[in-house]
Amino acid sequence: MKEVLPEEIKETSVEIWFQDEHRIGQQGSLTRIWVRKGIRPRIPRQQQFISAYIFGAICPEKDKGAAVIMPQANTSSMQAHLDEIGCQVEVGKHAVVVLDKAGWHTSKNLRIPKNISLLSLPPYSPELNPQEQVGRQMKHNDLANRNFSNYKEIVEACSQAWMKIIAPGTIQSLCSRSWAKI
């Protein structure tokens, strides 16, 4: 895994991306809801275990994102995601992708695109990754208190939630950090 920028890359040609994956499925999140006083809300909780993973990455400075929705979190899913990020990086630019040290992020079998370098976060530091906020936003606002009858429904809900997140201005307002600039 590359963790250092090649020397020939200039600061002005770098995009900083943040990456993480989020499991969405039939055993989803329960969140608070508004009801009239004196009424106890009932929200059914599924007992099945079908799920999907949103591999998402965002570039707050450019207000853009890249995602793939996969049935498993593994090296081949991560490879598909890196390839997607590589396609989203502007021509002539290089992406530094900040991520945690999940096993599929550090696999020797990954073929990292030439326009990407990976930068691992220290252990137990999710607060340094704004992509964690994106996952919470999707789970609490668009994917909570829902029931899914099959995998296709989960994928469709994940796609809609991701499209809402990458709407113009959303990524910048939710994920910009003063310390994450070149």
# chains A, B, ... in the order shown; residues from 1 in each chain; ligands from 1
>>> select_by_dssp(residues="stretch 24-117 of chain A", states="helix (DSSP H, G or I)", output="list in words")
Thr75, Ser76, Ser77, Met78, Gln79, Ala80, His81, Leu82, Asp83, Glu84, Ile85, Gly86, Cys87 and Gln88 of chain A
>>> closest_atom_pairs(of="stretch 82-124 of chain A", to="stretch 62-76 of chain A", cutoff="8 Å", atoms="only C-alpha atoms", output="JSON lines")
{"residue": "A:Glu84", "atom": "CA", "partner": "A:Ala66", "partner_atom": "CA", "distance": 6.4}
{"residue": "A:Ile85", "atom": "CA", "partner": "A:Ala66", "partner_atom": "CA", "distance": 5.6}
{"residue": "A:Gln88", "atom": "CA", "partner": "A:Ala66", "partner_atom": "CA", "distance": 6.8}
{"residue": "A:Gly103", "atom": "CA", "partner": "A:Asn74", "partner_atom": "CA", "distance": 7.9}
{"residue": "A:Trp104", "atom": "CA", "partner": "A:Thr75", "partner_atom": "CA", "distance": 4.5}
{"residue": "A:His105", "atom": "CA", "partner": "A:Thr75", "partner_atom": "CA", "distance": 7.2}
{"residue": "A:Ser107", "atom": "CA", "partner": "A:Thr75", "partner_atom": "CA", "distance": 6.7}
{"residue": "A:Asn109", "atom": "CA", "partner": "A:Thr75", "partner_atom": "CA", "distance": 7.3}
{"residue": "A:Leu110", "atom": "CA", "partner": "A:Thr75", "partner_atom": "CA", "distance": 6.8}
>>> atom_distance(atom1="atom CA of A:Arg111", atom2="atom CA of A:Val98")
16.6 Å
>>> closest_residue(among="A:Gln79, A:Ser51, A:Ser173, A:Gln137", to="A:Ile112", atoms="only C-alpha atoms")
A:Gln79
>>> residues_around(residues="A:Glu132", least_positions_apart="6", cutoff="10 Å", atoms="only C-alpha atoms", output="list of chain:residue names")
A:Phe18, A:Gln19, A:Asp20, A:Glu21, A:His22, A:Gly56, A:Pro126, A:Cys175
>>> atom_distance(atom1="atom CA of A:Pro41", atom2="atom CA of A:Phe148")
19.5 Å
>>> select_by_dssp(residues="stretch 59-177 of chain A", states="strand (DSSP E)", output="list in words")
Cys59, Lys64, Gly65, Ala66, Ala67, Val68, Ile69, Met70, His94, Ala95, Val96, Val97, Val98, Leu99, Ile116, Ser117, Leu118, Leu119 and Ser120 of chain A
>>> closest_residue(among="A:Leu121, A:Val97, A:Ile165, A:Ile154", to="A:Ile50", atoms="only C-alpha atoms")
A:Ile154
>>> atom_distance(atom1="atom CA of A:Asn147", atom2="atom CA of A:Ala80")
27.6 Å
>>> closest_residue(among="A:Val96, A:Ala144, A:Ala102, A:Val134", to="A:Ile116", atoms="only C-alpha atoms")
A:Val96
>>> residues_around(residues="A:Met138", least_positions_apart="6", cutoff="12 Å", atoms="only C-alpha atoms", output="PyMOL selection string")
chain A and resi 21-24+28-29+31+54+56+131-132+144-145+157-166+170+174
>>> residues_around(residues="A:Glu61", least_positions_apart="5", cutoff="12 Å", atoms="only C-alpha atoms", output="NGL selection string")
:A and (14-18 or 95 or 169-182)
>>> residues_around(residues="A:Pro123", least_positions_apart="6", cutoff="12 Å", atoms="only C-alpha atoms", output="list in words")
Leu99, Asp100, Lys101, Ala102 and Asn129 of chain A
>>> write_last_selection(atoms="C-alpha atoms", output="mmCIF file, in the first residue's frame")
data_model
loop_
_atom_site.group_PDB
_atom_site.id
_atom_site.type_symbol
_atom_site.label_atom_id
_atom_site.label_comp_id
_atom_site.auth_asym_id
_atom_site.auth_seq_id
_atom_site.Cartn_x
_atom_site.Cartn_y
_atom_site.Cartn_z
ATOM 1 C CA LEU A 99 -9.228 5.667 5.075
ATOM 2 C CA ASP A 100 -9.108 3.387 8.095
ATOM 3 C CA LYS A 101 -7.082 0.177 8.283
ATOM 4 C CA ALA A 102 -9.773 -2.389 7.518
ATOM 5 C CA ASN A 129 -12.906 10.886 8.725
#
>>> closest_residue(among="A:Pro122, A:Pro130, A:Pro113, A:Gly38", to="A:Asp83", atoms="only C-alpha atoms")
A:Pro113
